[in-house]
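Undergrad: The following file, upload-v1.csv, comprises CSV, C-alpha atoms:
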```csv
chain,number,residue,atom,x,y,z
A,884,MET,CA,0.0,0.0,0.0
A,885,ASN,CA,1.7,3.1,-1.3
A,886,ALA,CA,0.0,5.5,1.2
A,887,TRP,CA,1.3,3.4,4.1
A,888,ARG,CA,4.9,3.6,2.8
A,889,GLU,CA,4.6,7.3,2.0
A,890,ALA,CA,3.0,8.2,5.4
A,891,SER,CA,5.2,9.7,8.1
A,892,PRO,CA,6.4,7.6,11.0
A,893,THR,CA,4.0,9.5,13.3
A,894,ALA,CA,1.1,8.8,10.9
A,895,ARG,CA,1.9,5.1,10.9
A,896,LEU,CA,2.1,5.0,14.7
A,897,LEU,CA,-1.3,6.8,14.9
A,898,LEU,CA,-2.8,4.2,12.5
A,899,VAL,CA,-1.4,1.4,14.5
A,900,ALA,CA,-3.0,3.0,17.6
A,901,VAL,CA,-6.3,3.2,15.8
A,902,LEU,CA,-6.1,-0.5,14.9
A,903,PHE,CA,-5.3,-1.8,18.3
A,904,THR,CA,-7.5,0.5,20.3
A,905,GLY,CA,-10.3,-0.4,18.0
A,906,LEU,CA,-9.5,-4.1,18.2
A,907,THR,CA,-9.6,-4.1,22.0
A,908,THR,CA,-12.6,-1.8,22.2
A,909,PHE,CA,-14.7,-4.3,20.1
A,910,MET,CA,-13.3,-7.2,22.1
A,911,PHE,CA,-14.9,-5.6,25.2
A,912,LEU,CA,-18.0,-3.7,23.9
A,913,PRO,CA,-20.2,-6.5,22.6
A,914,LEU,CA,-19.6,-8.5,25.8
A,915,LEU,CA,-20.3,-5.7,28.2
A,916,ALA,CA,-24.0,-6.3,28.5
A,917,ILE,CA,-23.5,-10.0,28.9
A,918,GLU,CA,-20.9,-9.5,31.6
A,919,LEU,CA,-23.1,-7.0,33.6
A,920,THR,CA,-26.1,-9.3,33.4
A,921,ALA,CA,-23.9,-12.3,34.6
A,922,GLN,CA,-22.9,-10.2,37.6
A,923,GLY,CA,-26.5,-10.0,38.7
A,924,ILE,CA,-27.3,-6.5,37.4
A,925,PRO,CA,-30.9,-6.2,36.2
A,926,ALA,CA,-31.6,-5.9,32.5
A,927,GLY,CA,-33.0,-2.3,32.8
A,928,ARG,CA,-29.9,-1.1,34.7
A,929,THR,CA,-27.6,-2.9,32.2
A,930,GLY,CA,-29.3,-1.1,29.3
A,931,PHE,CA,-28.8,2.2,31.1
A,932,LEU,CA,-25.1,1.5,31.6
A,933,VAL,CA,-24.5,0.5,28.0
A,934,GLY,CA,-26.4,3.6,26.9
A,935,LEU,CA,-24.4,5.7,29.3
A,936,LEU,CA,-21.2,4.5,27.6
A,937,ALA,CA,-22.5,5.6,24.2
A,938,PHE,CA,-23.7,8.9,25.5
A,939,SER,CA,-20.4,9.7,27.3
A,940,GLY,CA,-18.6,9.0,24.0
A,941,GLN,CA,-20.8,11.3,21.9
A,942,ALA,CA,-22.1,14.0,24.2
A,943,PHE,CA,-18.7,15.8,24.6
A,944,SER,CA,-17.8,16.0,20.9
A,945,LEU,CA,-18.0,19.7,20.6
A,946,LEU,CA,-16.1,20.3,23.9
A,947,THR,CA,-13.5,17.8,22.7
A,948,GLY,CA,-13.1,19.8,19.5
A,949,LEU,CA,-12.6,23.0,21.5
A,950,LEU,CA,-10.0,21.3,23.8
A,951,VAL,CA,-8.1,20.0,20.7
A,952,ASP,CA,-7.9,23.5,19.3
A,953,ARG,CA,-7.1,25.1,22.6
A,954,PHE,CA,-4.5,22.7,24.1
A,955,GLY,CA,-3.3,20.7,21.1
A,956,ALA,CA,-4.3,17.3,19.8
A,957,HIS,CA,-1.3,15.5,21.4
A,958,ARG,CA,-2.2,16.6,24.9
A,959,VAL,CA,-5.9,15.7,24.4
A,960,MET,CA,-4.8,12.3,23.0
A,961,ALA,CA,-2.6,11.7,26.1
A,962,ALA,CA,-5.6,12.5,28.3
A,963,GLY,CA,-7.8,10.2,26.3
A,964,PHE,CA,-5.4,7.3,26.8
A,965,LEU,CA,-5.1,8.0,30.5
A,966,LEU,CA,-8.9,8.2,31.0
A,967,ARG,CA,-9.5,5.0,29.1
A,968,VAL,CA,-6.9,3.1,31.2
A,969,LEU,CA,-8.4,4.5,34.4
A,970,GLY,CA,-11.9,3.5,33.1
A,971,TYR,CA,-11.0,-0.1,32.3
A,972,VAL,CA,-9.4,-0.5,35.8
A,973,LEU,CA,-12.5,1.0,37.5
A,974,LEU,CA,-14.8,-1.3,35.4
A,975,GLY,CA,-12.8,-4.3,36.6
A,976,LEU,CA,-13.2,-3.2,40.2
A,977,GLY,CA,-16.9,-2.4,39.9
A,978,GLY,CA,-19.9,-4.7,39.9
A,979,ALA,CA,-23.4,-5.3,41.4
A,980,GLY,CA,-22.0,-4.7,44.8
A,981,ALA,CA,-19.9,-1.7,43.9
A,982,PRO,CA,-21.9,0.6,41.5
A,983,ALA,CA,-19.8,3.7,42.0
A,984,PRO,CA,-16.6,2.4,40.4
A,985,LEU,CA,-18.7,0.8,37.6
A,986,VAL,CA,-20.5,4.0,36.6
A,987,ALA,CA,-17.3,6.0,36.9
A,988,GLY,CA,-15.4,3.5,34.8
A,989,ILE,CA,-18.0,3.5,32.1
A,990,VAL,CA,-18.1,7.3,31.9
A,991,ALA,CA,-14.3,7.5,31.9
A,992,ILE,CA,-14.1,5.0,29.0
A,993,GLY,CA,-16.7,6.9,27.0
A,994,VAL,CA,-15.2,10.4,27.5
A,995,GLY,CA,-11.7,9.0,27.0
A,996,GLY,CA,-12.8,7.4,23.7
A,997,SER,CA,-14.2,10.8,22.6
A,998,LEU,CA,-10.9,12.5,23.4
A,999,LEU,CA,-8.9,9.8,21.8
A,1000,GLY,CA,-11.0,9.4,18.6
A,1001,LEU,CA,-11.2,13.1,17.8
A,1002,SER,CA,-7.5,13.9,18.6
A,1003,THR,CA,-6.1,11.1,16.5
A,1004,LYS,CA,-8.4,12.0,13.6
A,1005,THR,CA,-7.2,15.6,13.8
A,1006,LEU,CA,-3.6,14.6,14.0
A,1007,LEU,CA,-4.0,12.3,10.9
A,1008,VAL,CA,-5.5,14.9,8.7
A,1009,SER,CA,-3.0,17.5,9.9
A,1010,GLN,CA,0.1,15.5,9.0
A,1011,GLU,CA,2.4,17.5,6.8
A,1012,GLY,CA,2.2,16.6,3.1
A,1013,ALA,CA,-0.7,14.2,3.8
A,1014,ASP,CA,-3.9,14.2,1.8
A,1015,PRO,CA,-6.8,14.3,4.3
A,1016,ARG,CA,-8.9,12.0,2.1
A,1017,THR,CA,-6.2,9.4,2.1
A,1018,MET,CA,-5.7,9.6,5.9
A,1019,LEU,CA,-9.4,9.4,6.6
A,1020,ALA,CA,-9.7,6.3,4.2
A,1021,LEU,CA,-6.8,4.6,5.9
A,1022,ARG,CA,-8.3,5.4,9.4
A,1023,SER,CA,-11.7,3.9,8.4
A,1024,THR,CA,-10.0,0.8,7.1
A,1025,PHE,CA,-8.0,0.3,10.3
A,1026,VAL,CA,-11.1,0.9,12.4
A,1027,ASN,CA,-13.1,-1.7,10.5
A,1028,VAL,CA,-10.4,-4.3,11.0
A,1029,GLY,CA,-11.1,-3.9,14.7
A,1030,VAL,CA,-14.9,-4.0,14.1
A,1031,VAL,CA,-14.5,-7.3,12.2
A,1032,ALA,CA,-11.8,-9.1,14.3
A,1033,GLY,CA,-12.5,-7.6,17.7
A,1034,PRO,CA,-15.8,-9.5,18.5
A,1035,ALA,CA,-14.4,-12.8,17.4
A,1036,LEU,CA,-11.2,-12.3,19.5
A,1037,GLY,CA,-13.3,-11.2,22.4
A,1038,ALA,CA,-15.5,-14.3,22.1
A,1039,ALA,CA,-12.4,-16.5,22.1
A,1040,VAL,CA,-10.9,-14.9,25.2
A,1041,TYR,CA,-14.2,-14.5,27.2
A,1042,PRO,CA,-14.3,-18.1,28.5
A,1043,LEU,CA,-11.0,-17.3,30.4
A,1044,GLY,CA,-12.7,-14.4,32.1
A,1045,PHE,CA,-13.8,-10.8,31.4
A,1046,GLY,CA,-10.8,-9.6,33.4
A,1047,TRP,CA,-8.5,-10.8,30.7
A,1048,ILE,CA,-10.2,-8.7,28.1
A,1049,LEU,CA,-10.0,-5.6,30.3
A,1050,ALA,CA,-6.3,-6.4,30.9
A,1051,ALA,CA,-5.7,-6.5,27.1
A,1052,CYS,CA,-7.5,-3.1,26.8
A,1053,VAL,CA,-5.3,-1.6,29.6
A,1054,LEU,CA,-2.1,-3.0,28.2
A,1055,SER,CA,-2.7,-1.8,24.6
A,1056,HIS,CA,-3.7,1.7,25.7
A,1057,LEU,CA,-0.7,2.0,28.0
A,1058,VAL,CA,1.8,0.8,25.4
A,1059,LEU,CA,0.4,2.8,22.5
A,1060,GLY,CA,-0.1,6.0,24.6
A,1061,THR,CA,3.5,5.8,25.9
A,1062,CYS,CA,4.9,5.3,22.4
A,1063,LEU,CA,3.0,8.2,21.0
A,1064,VAL,CA,4.0,10.5,23.9
A,1065,LEU,CA,7.6,9.6,23.4
A,1066,ARG,CA,7.3,10.0,19.7
A,1067,ARG,CA,5.9,13.5,20.2
A,1068,SER,CA,8.8,14.4,22.5
A,1069,VAL,CA,11.4,13.4,19.9
A,1070,THR,CA,9.6,15.2,17.1
A,1071,ALA,CA,9.2,18.3,19.2
A,1072,SER,CA,12.9,18.4,20.0
A,1073,ARG,CA,13.8,18.1,16.3
A,1074,SER,CA,11.2,20.8,15.4
A,1075,ARG,CA,12.7,23.3,17.8
A,1076,ALA,CA,16.1,22.9,16.1
A,1077,VAL,CA,14.6,24.1,12.7
A,1078,VAL,CA,11.9,26.4,14.0
A,1079,GLY,CA,13.1,29.4,12.0
A,1080,ARG,CA,12.8,27.6,8.6
A,1081,ALA,CA,9.0,27.5,8.6
A,1082,ALA,CA,8.4,31.2,8.8
A,1083,ALA,CA,8.1,31.9,5.1
A,1084,PRO,CA,4.6,31.7,3.6
A,1085,ALA,CA,3.8,28.8,1.3
A,1086,ALA,CA,4.0,29.3,-2.4
A,1087,GLY,CA,0.4,28.3,-2.8
A,1088,GLY,CA,-0.9,31.6,-1.5
A,1089,ALA,CA,-3.5,32.3,1.3
A,1090,PRO,CA,-5.6,29.4,2.5
A,1091,ALA,CA,-9.2,29.2,1.5
A,1092,ALA,CA,-11.6,31.3,3.5
A,1093,PRO,CA,-13.6,29.4,6.2
A,1094,TRP,CA,-17.2,28.6,5.5
A,1095,THR,CA,-20.0,30.8,6.8
A,1096,LEU,CA,-22.8,29.6,9.1
A,1097,ARG,CA,-25.1,29.5,6.1
A,1098,GLN,CA,-22.7,27.0,4.4
A,1099,TRP,CA,-22.2,25.0,7.6
A,1100,LEU,CA,-25.9,24.3,8.2
A,1101,PRO,CA,-26.4,22.0,5.2
A,1102,LEU,CA,-23.3,20.0,6.1
A,1103,CYS,CA,-24.4,19.6,9.7
A,1104,GLY,CA,-27.9,18.6,8.5
A,1105,LEU,CA,-26.3,15.9,6.2
A,1106,GLY,CA,-24.3,14.6,9.3
A,1107,VAL,CA,-27.6,14.2,11.2
A,1108,ALA,CA,-29.3,12.6,8.2
A,1109,TYR,CA,-26.4,10.2,7.5
A,1110,TRP,CA,-26.4,8.8,11.1
A,1111,ALA,CA,-30.2,8.8,11.3
A,1112,ILE,CA,-30.4,6.6,8.2
A,1113,TYR,CA,-27.3,4.5,9.1
A,1114,SER,CA,-28.6,3.8,12.6
A,1115,GLN,CA,-31.4,1.7,11.1
A,1116,LEU,CA,-28.9,-1.0,10.6
A,1117,ASN,CA,-29.0,-1.4,14.4
A,1118,VAL,CA,-32.7,-0.8,14.9
A,1119,LEU,CA,-34.9,-1.7,11.9
A,1120,LEU,CA,-32.7,-4.1,10.1
A,1121,PRO,CA,-32.1,-6.8,12.8
A,1122,ILE,CA,-35.8,-7.1,13.3
A,1123,THR,CA,-36.6,-7.2,9.6
A,1124,ALA,CA,-33.8,-9.6,8.8
A,1125,ASN,CA,-35.1,-12.0,11.3
A,1126,ALA,CA,-38.6,-11.7,10.1
A,1127,MET,CA,-37.6,-12.1,6.4
A,1128,THR,CA,-35.2,-15.0,6.8
A,1129,GLY,CA,-36.4,-16.8,10.0
A,1130,SER,CA,-32.8,-16.7,11.2
A,1131,ALA,CA,-31.5,-14.7,14.1
A,1132,ALA,CA,-28.0,-15.0,12.6
A,1133,ALA,CA,-29.0,-13.1,9.4
A,1134,ILE,CA,-28.0,-9.7,10.8
A,1135,SER,CA,-24.6,-11.1,11.8
A,1136,VAL,CA,-24.0,-12.1,8.2
A,1137,VAL,CA,-24.8,-8.5,7.1
A,1138,PHE,CA,-22.4,-6.9,9.5
A,1139,THR,CA,-19.6,-9.4,8.7
A,1140,VAL,CA,-19.9,-8.9,5.0
A,1141,ASN,CA,-20.2,-5.1,5.5
A,1142,GLY,CA,-17.0,-5.0,7.6
A,1143,LEU,CA,-15.0,-7.1,5.2
A,1144,LEU,CA,-16.0,-5.0,2.2
A,1145,VAL,CA,-14.9,-1.8,4.0
A,1146,VAL,CA,-11.6,-3.3,5.0
A,1147,LEU,CA,-10.9,-4.6,1.4
A,1148,PHE,CA,-12.2,-1.6,-0.6
A,1149,GLN,CA,-12.4,1.6,1.5
A,1150,TYR,CA,-8.9,2.8,0.6
A,1151,THR,CA,-8.9,1.8,-3.0
A,1152,LEU,CA,-12.3,3.4,-3.6
A,1153,LEU,CA,-11.4,6.8,-2.2
A,1154,ARG,CA,-7.7,6.9,-3.2
A,1155,HIS,CA,-8.0,5.5,-6.7
A,1156,VAL,CA,-11.5,5.1,-8.1
A,1157,PHE,CA,-12.8,8.5,-6.9
A,1158,ARG,CA,-9.5,10.2,-6.6
A,1159,ARG,CA,-10.5,13.2,-8.7
A,1160,ALA,CA,-14.0,13.5,-7.4
A,1161,THR,CA,-14.9,16.3,-4.9
A,1162,ALA,CA,-16.2,15.5,-1.5
A,1163,ARG,CA,-19.6,16.9,-2.5
A,1164,THR,CA,-19.8,14.5,-5.4
A,1165,LEU,CA,-19.0,11.6,-3.1
A,1166,LEU,CA,-21.7,12.6,-0.7
A,1167,VAL,CA,-24.3,12.7,-3.6
A,1168,LEU,CA,-23.2,9.2,-4.7
A,1169,GLY,CA,-23.3,7.9,-1.2
A,1170,PHE,CA,-26.8,9.0,-0.4
A,1171,LEU,CA,-28.0,7.7,-3.8
A,1172,ALA,CA,-26.4,4.3,-2.8
A,1173,PHE,CA,-28.4,4.5,0.5
A,1174,ALA,CA,-31.6,4.9,-1.6
A,1175,CYS,CA,-30.7,1.9,-3.7
A,1176,ALA,CA,-29.9,-0.1,-0.6
A,1177,TYR,CA,-33.2,0.5,1.2
A,1178,ALA,CA,-35.1,0.0,-2.1
A,1179,THR,CA,-33.9,-3.6,-2.2
A,1180,LEU,CA,-35.9,-4.2,1.0
A,1181,ILE,CA,-39.2,-3.0,-0.4
A,1182,PRO,CA,-40.1,-6.4,-1.9
A,1183,LEU,CA,-39.3,-8.1,1.5
A,1184,ALA,CA,-37.8,-11.0,-0.6
A,1185,GLY,CA,-35.9,-12.8,2.2
A,1186,TRP,CA,-32.3,-13.5,1.8
A,1187,TYR,CA,-32.3,-12.1,-1.8
A,1188,SER,CA,-33.3,-8.7,-0.5
A,1189,LEU,CA,-30.9,-8.9,2.4
A,1190,LEU,CA,-27.9,-9.9,0.3
A,1191,ALA,CA,-28.7,-7.3,-2.3
A,1192,PHE,CA,-28.9,-4.7,0.5
A,1193,VAL,CA,-25.3,-5.2,1.7
A,1194,VAL,CA,-23.3,-3.9,-1.2
A,1195,PRO,CA,-25.0,-0.5,-1.8
A,1196,VAL,CA,-25.3,0.2,2.0
A,1197,THR,CA,-21.6,-0.5,2.4
A,1198,LEU,CA,-20.8,1.7,-0.6
A,1199,ALA,CA,-22.8,4.5,1.1
A,1200,GLU,CA,-20.9,4.0,4.3
A,1201,MET,CA,-17.5,4.1,2.6
A,1202,LEU,CA,-18.4,7.3,0.6
A,1203,ILE,CA,-20.3,9.4,3.1
A,1204,GLY,CA,-18.5,8.9,6.4
A,1205,PRO,CA,-15.0,10.1,5.4
A,1206,SER,CA,-16.4,12.7,3.0
A,1207,LEU,CA,-18.3,14.4,5.7
A,1208,ASP,CA,-15.1,14.7,7.7
A,1209,GLU,CA,-13.2,15.9,4.6
A,1210,GLN,CA,-15.8,18.6,4.0
A,1211,ALA,CA,-15.5,19.7,7.6
A,1212,VAL,CA,-11.7,19.9,7.3
A,1213,ASN,CA,-12.1,22.0,4.1
A,1214,ALA,CA,-14.6,24.3,5.8
A,1215,ALA,CA,-12.6,24.8,9.0
A,1216,ALA,CA,-10.9,28.1,9.8
A,1217,THR,CA,-7.2,28.0,10.5
A,1218,ARG,CA,-6.5,26.2,13.8
A,1219,ARG,CA,-10.1,25.1,14.1
A,1220,THR,CA,-9.9,21.6,12.7
A,1221,GLY,CA,-10.7,20.0,16.0
A,1222,LEU,CA,-13.9,22.1,16.4
A,1223,ALA,CA,-14.9,21.2,12.8
A,1224,LEU,CA,-14.5,17.5,13.3
A,1225,GLY,CA,-16.2,17.8,16.8
A,1226,THR,CA,-19.2,19.5,15.2
A,1227,MET,CA,-19.6,16.6,12.8
A,1228,SER,CA,-19.3,14.1,15.6
A,1229,ALA,CA,-22.0,16.0,17.5
A,1230,ALA,CA,-24.2,16.0,14.4
A,1231,GLY,CA,-23.7,12.2,14.3
A,1232,ALA,CA,-24.7,11.8,17.9
A,1233,LEU,CA,-27.9,13.8,17.3
A,1234,GLY,CA,-28.7,11.8,14.2
A,1235,SER,CA,-28.1,8.4,15.9
A,1236,LEU,CA,-30.4,9.4,18.8
A,1237,PHE,CA,-33.1,10.6,16.4
A,1238,GLY,CA,-32.8,7.6,14.1
A,1239,SER,CA,-32.8,5.1,16.9
A,1240,SER,CA,-35.9,6.7,18.5
A,1241,ALA,CA,-37.8,7.0,15.2
A,1242,GLY,CA,-36.9,3.7,13.8
A,1243,GLY,CA,-38.8,1.5,16.2
A,1244,TYR,CA,-41.8,3.8,16.0
A,1245,LEU,CA,-41.8,3.7,12.2
A,1246,LEU,CA,-41.6,-0.1,12.1
A,1247,GLN,CA,-44.5,-0.4,14.6
A,1248,SER,CA,-46.6,2.1,12.6
A,1249,ALA,CA,-45.9,0.3,9.3
A,1250,ARG,CA,-46.7,-3.1,10.9
A,1251,GLY,CA,-44.1,-4.9,8.9
A,1252,GLY,CA,-45.0,-3.3,5.6
A,1253,SER,CA,-42.8,-1.6,3.0
A,1254,GLU,CA,-43.8,2.0,3.9
A,1255,VAL,CA,-40.8,2.4,6.2
A,1256,TRP,CA,-38.4,1.5,3.4
A,1257,LEU,CA,-40.1,3.9,1.0
A,1258,LEU,CA,-39.7,6.6,3.6
A,1259,LEU,CA,-35.9,5.8,4.0
A,1260,VAL,CA,-35.5,5.8,0.2
A,1261,GLY,CA,-37.2,9.2,0.0
A,1262,SER,CA,-35.1,10.6,2.9
A,1263,SER,CA,-31.9,9.4,1.2
A,1264,LEU,CA,-32.9,11.1,-2.1
A,1265,ALA,CA,-33.7,14.3,-0.2
A,1266,ALA,CA,-30.3,14.2,1.5
A,1267,ALA,CA,-28.6,13.7,-2.0
A,1268,ALA,CA,-30.4,16.8,-3.2
A,1269,ILE,CA,-29.2,18.8,-0.1
A,1270,CYS,CA,-25.6,17.9,-0.9
A,1271,LEU,CA,-25.9,20.1,-4.0
A,1272,LEU,CA,-26.1,23.1,-1.6
A,1273,LEU,CA,-22.6,22.5,-0.5
A,1274,PRO,CA,-19.7,24.4,-2.1
A,1275,LYS,CA,-17.9,22.4,-4.7
A,1276,VAL,CA,-14.3,22.6,-3.5
A,1277,ARG,CA,-11.3,20.3,-3.8
A,1278,THR,CA,-9.7,19.0,-0.6
A,1279,ARG,CA,-7.0,21.0,0.9
A,1280,HIS,CA,-4.1,20.3,3.3
A,1281,VAL,CA,-4.6,21.3,6.9
```
For the file at hand, write its structure as structure tokens.

TA:
Amino acid sequence: MNAWREASPTARLLLVAVLFTGLTTFMFLPLLAIELTAQGIPAGRTGFLVGLLAFSGQAFSLLTGLLVDRFGAHRVMAAGFLLRVLGYVLLGLGGAGAPAPLVAGIVAIGVGGSLLGLSTKTLLVSQEGADPRTMLALRSTFVNVGVVAGPALGAAVYPLGFGWILAACVLSHLVLGTCLVLRRSVTASRSRAVVGRAAAPAAGGAPAAPWTLRQWLPLCGLGVAYWAIYSQLNVLLPITANAMTGSAAAISVVFTVNGLLVVLFQYTLLRHVFRRATARTLLVLGFLAFACAYATLIPLAGWYSLLAFVVPVTLAEMLIGPSLDEQAVNAAATRRTGLALGTMSAAGALGSLFGSSAGGYLLQSARGGSEVWLLLVGSSLAAAAICLLLPKVRTRHV
């Protein structure tokens, strides 16, 4: 992979951190509810704790972006590693008889994940000489390796005890955090030696002007729309897949194929196939792919509909997610990349909440009919039209 060879040592280390933190996170996350229930915690309280973890990771996105811009991405990243290590330790100490460490651990893991995710993404798109689209595509690929392999690895380790999974999480975060902090110290020492050489302005002229609020609103709206539509994979699709196929394992097939396709084709798609396309064009194509995906479910044709659904929905995921972040980077004012990416994360949190809440109600109202899929097709087409309101700009270096 040429992009890996061309990436700076710091970018490579960041991508390795993305891979292993994602791997250990998805070792632990799918088993959390099972472990809490096994400890004797009631199902209602277990649901609250799992929801608290998701809320803690999403609710502080805007604040995290401000912290990245104010104190620097490296310091916020170090704080994220520290919080996550502390959270995993507290989670191991907590339980039905010790709720305080349990709650504190879950909040620390969630907030630490927010700090870690946004700071590493900011650092990746800010690497000197790096194309933000390429870095975002690589990051998405490495994240999805963890999504695919993490649950299987967690299932293999879980019979030994949940504590072993938490120990793997602590060890990976300690090692990676230490390596990145030490790498930062070495890089900073070298930078001070040549600090005077970077004072001259670049030959490319002044950077593009930041977007106005009027230009930001459609982008934030698209962020909400994307996650509201995508969240149906966790709400509507499992129920519908089971009803169409008669197999509870059907949704697992969808997610496995989806993750493998992203790992195999995400980088190639953005780096080579759509290399010359603007982010706005990719967003239009992505939402059109969403419309095609949900249209395949209208006939309710069992496995045929489900398997036909996987490819276009994966294409939508691969095009829209990184392109939203790329547009945010292009739109950001100087030294406001963290806030821009934090804004998109906050829009995603709002969309996920709205989509998850509305999805079950829509399915109940449609009573198993095709109306809900027609509504999602229409919503996807409307989002594709809104994409045309965005400025058509090429990606720029941060």

Undergrad: Can you work out which one of A:Trp1186, A:Tyr1113, A:Trp887, A:Phe911 has the shortest atom-to-atom distance to Ala1126 in chain A, counting all atoms listed in the file?

TA: A:Trp1186

Undergrad: Against range 953-975 of chain A, which residues of range 1136-1248 of chain A fall within 12 Å? For each one I want the closest pair of atoms and the distance in Å (one decimal), counting only C-alpha atoms, rows by chain and increasing residue number, as JSON lines.

TA:
```
{"residue": "A:Arg1218", "atom": "CA", "partner": "A:Arg953", "partner_atom": "CA", "distance": 8.9}
{"residue": "A:Arg1219", "atom": "CA", "partner": "A:Arg953", "partner_atom": "CA", "distance": 9.0}
{"residue": "A:Thr1220", "atom": "CA", "partner": "A:Ala956", "partner_atom": "CA", "distance": 10.0}
{"residue": "A:Gly1221", "atom": "CA", "partner": "A:Ala956", "partner_atom": "CA", "distance": 7.9}
{"residue": "A:Leu1222", "atom": "CA", "partner": "A:Arg953", "partner_atom": "CA", "distance": 9.7}
```

Undergrad: How close does each residue of range 1129-1185 of chain A get to range 1004-1019 of chain A, giving the shortest atom pair and distance in Å to one decimal for every residue with an atom at most 10 Å away, counting only C-alpha atoms, sorted by chain and residue number, as JSON lines?

TA:
```
{"residue": "A:Gln1149", "atom": "CA", "partner": "A:Leu1019", "partner_atom": "CA", "distance": 9.8}
{"residue": "A:Tyr1150", "atom": "CA", "partner": "A:Thr1017", "partner_atom": "CA", "distance": 7.3}
{"residue": "A:Thr1151", "atom": "CA", "partner": "A:Thr1017", "partner_atom": "CA", "distance": 9.5}
{"residue": "A:Leu1153", "atom": "CA", "partner": "A:Arg1016", "partner_atom": "CA", "distance": 7.2}
{"residue": "A:Arg1154", "atom": "CA", "partner": "A:Thr1017", "partner_atom": "CA", "distance": 6.0}
{"residue": "A:His1155", "atom": "CA", "partner": "A:Thr1017", "partner_atom": "CA", "distance": 9.8}
{"residue": "A:Arg1158", "atom": "CA", "partner": "A:Arg1016", "partner_atom": "CA", "distance": 8.9}
{"residue": "A:Ala1162", "atom": "CA", "partner": "A:Arg1016", "partner_atom": "CA", "distance": 8.9}
```

Undergrad: Choose the residue, out of A:Ala916, A:Leu936, A:Ala1184, A:Leu1119, that has the smallest atom-to-atom separation from Val1255 in chain A; count only C-alpha atoms.

TA: A:Leu1119

Undergrad: State, in Å with one decimal place, the distance from CA of Val990 in chain A to CA of Phe943 in chain A.

TA: 11.2 Å

Undergrad: Give me the residues near Val1167 in chain A as a list in words, where near means some atom within 9 Å (using only C-alpha atoms) and where sequence neighbours in that chain fewer than 2 positions away do not count.

TA: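 Final neighbour list, sorted by chain and number: Ala1162, Arg1163, Thr1164, Leu1165, Gly1169, Phe1170, Leu1171, Ala1172, Ile1203, Leu1264, Ala1266, Ala1267, Ala1268, Ile1269, Cys1270 and Leu1271 of chain A.
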
Undergrad: Using Å and a single decimal, report how far CA of Thr920 in chain A sits from CA of Ala937 in chain A.

TA: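 Distance reported for this atom pair: 17.9 Å.
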
Undergrad: Missing atoms in range 1016-1025 of chain A: can you complete it with N, CA, C and O atoms, as a PDB file, in the frame of the given file?

TA:
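Wrote selection-v5.pdb, looks like this:
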```pdb
ATOM      1  N   ARG A1016      -8.073  13.109   2.620  1.00  0.00           N
ATOM      2  CA  ARG A1016      -8.900  12.000   2.100  1.00  0.00           C
ATOM      3  C   ARG A1016      -8.233  10.669   2.324  1.00  0.00           C
ATOM      4  O   ARG A1016      -8.836   9.683   2.748  1.00  0.00           O
ATOM      5  N   THR A1017      -6.950  10.621   1.980  1.00  0.00           N
ATOM      6  CA  THR A1017      -6.200   9.400   2.100  1.00  0.00           C
ATOM      7  C   THR A1017      -6.102   8.955   3.578  1.00  0.00           C
ATOM      8  O   THR A1017      -6.299   7.784   3.919  1.00  0.00           O
ATOM      9  N   MET A1018      -5.807   9.898   4.459  1.00  0.00           N
ATOM     10  CA  MET A1018      -5.700   9.600   5.900  1.00  0.00           C
ATOM     11  C   MET A1018      -7.008   9.107   6.466  1.00  0.00           C
ATOM     12  O   MET A1018      -7.058   8.159   7.262  1.00  0.00           O
ATOM     13  N   LEU A1019      -8.106   9.758   6.070  1.00  0.00           N
ATOM     14  CA  LEU A1019      -9.400   9.400   6.600  1.00  0.00           C
ATOM     15  C   LEU A1019      -9.801   7.969   6.052  1.00  0.00           C
ATOM     16  O   LEU A1019     -10.407   7.180   6.775  1.00  0.00           O
ATOM     17  N   ALA A1020      -9.436   7.674   4.783  1.00  0.00           N
ATOM     18  CA  ALA A1020      -9.700   6.300   4.200  1.00  0.00           C
ATOM     19  C   ALA A1020      -8.926   5.270   4.951  1.00  0.00           C
ATOM     20  O   ALA A1020      -9.453   4.193   5.278  1.00  0.00           O
ATOM     21  N   LEU A1021      -7.645   5.543   5.209  1.00  0.00           N
ATOM     22  CA  LEU A1021      -6.800   4.600   5.900  1.00  0.00           C
ATOM     23  C   LEU A1021      -7.359   4.385   7.359  1.00  0.00           C
ATOM     24  O   LEU A1021      -7.431   3.254   7.859  1.00  0.00           O
ATOM     25  N   ARG A1022      -7.729   5.477   8.013  1.00  0.00           N
ATOM     26  CA  ARG A1022      -8.300   5.400   9.400  1.00  0.00           C
ATOM     27  C   ARG A1022      -9.527   4.508   9.384  1.00  0.00           C
ATOM     28  O   ARG A1022      -9.686   3.630  10.251  1.00  0.00           O
ATOM     29  N   SER A1023     -10.439   4.734   8.424  1.00  0.00           N
ATOM     30  CA  SER A1023     -11.700   3.900   8.400  1.00  0.00           C
ATOM     31  C   SER A1023     -11.357   2.469   8.146  1.00  0.00           C
ATOM     32  O   SER A1023     -11.993   1.591   8.755  1.00  0.00           O
ATOM     33  N   THR A1024     -10.373   2.182   7.307  1.00  0.00           N
ATOM     34  CA  THR A1024     -10.000   0.800   7.100  1.00  0.00           C
ATOM     35  C   THR A1024      -9.477   0.135   8.338  1.00  0.00           C
ATOM     36  O   THR A1024      -9.874  -0.987   8.687  1.00  0.00           O
ATOM     37  N   PHE A1025      -8.602   0.832   9.064  1.00  0.00           N
ATOM     38  CA  PHE A1025      -8.000   0.300  10.300  1.00  0.00           C
ATOM     39  C   PHE A1025      -9.081   0.108  11.372  1.00  0.00           C
ATOM     40  O   PHE A1025      -9.047  -0.860  12.139  1.00  0.00           O
TER      41      PHE A1025
END
```
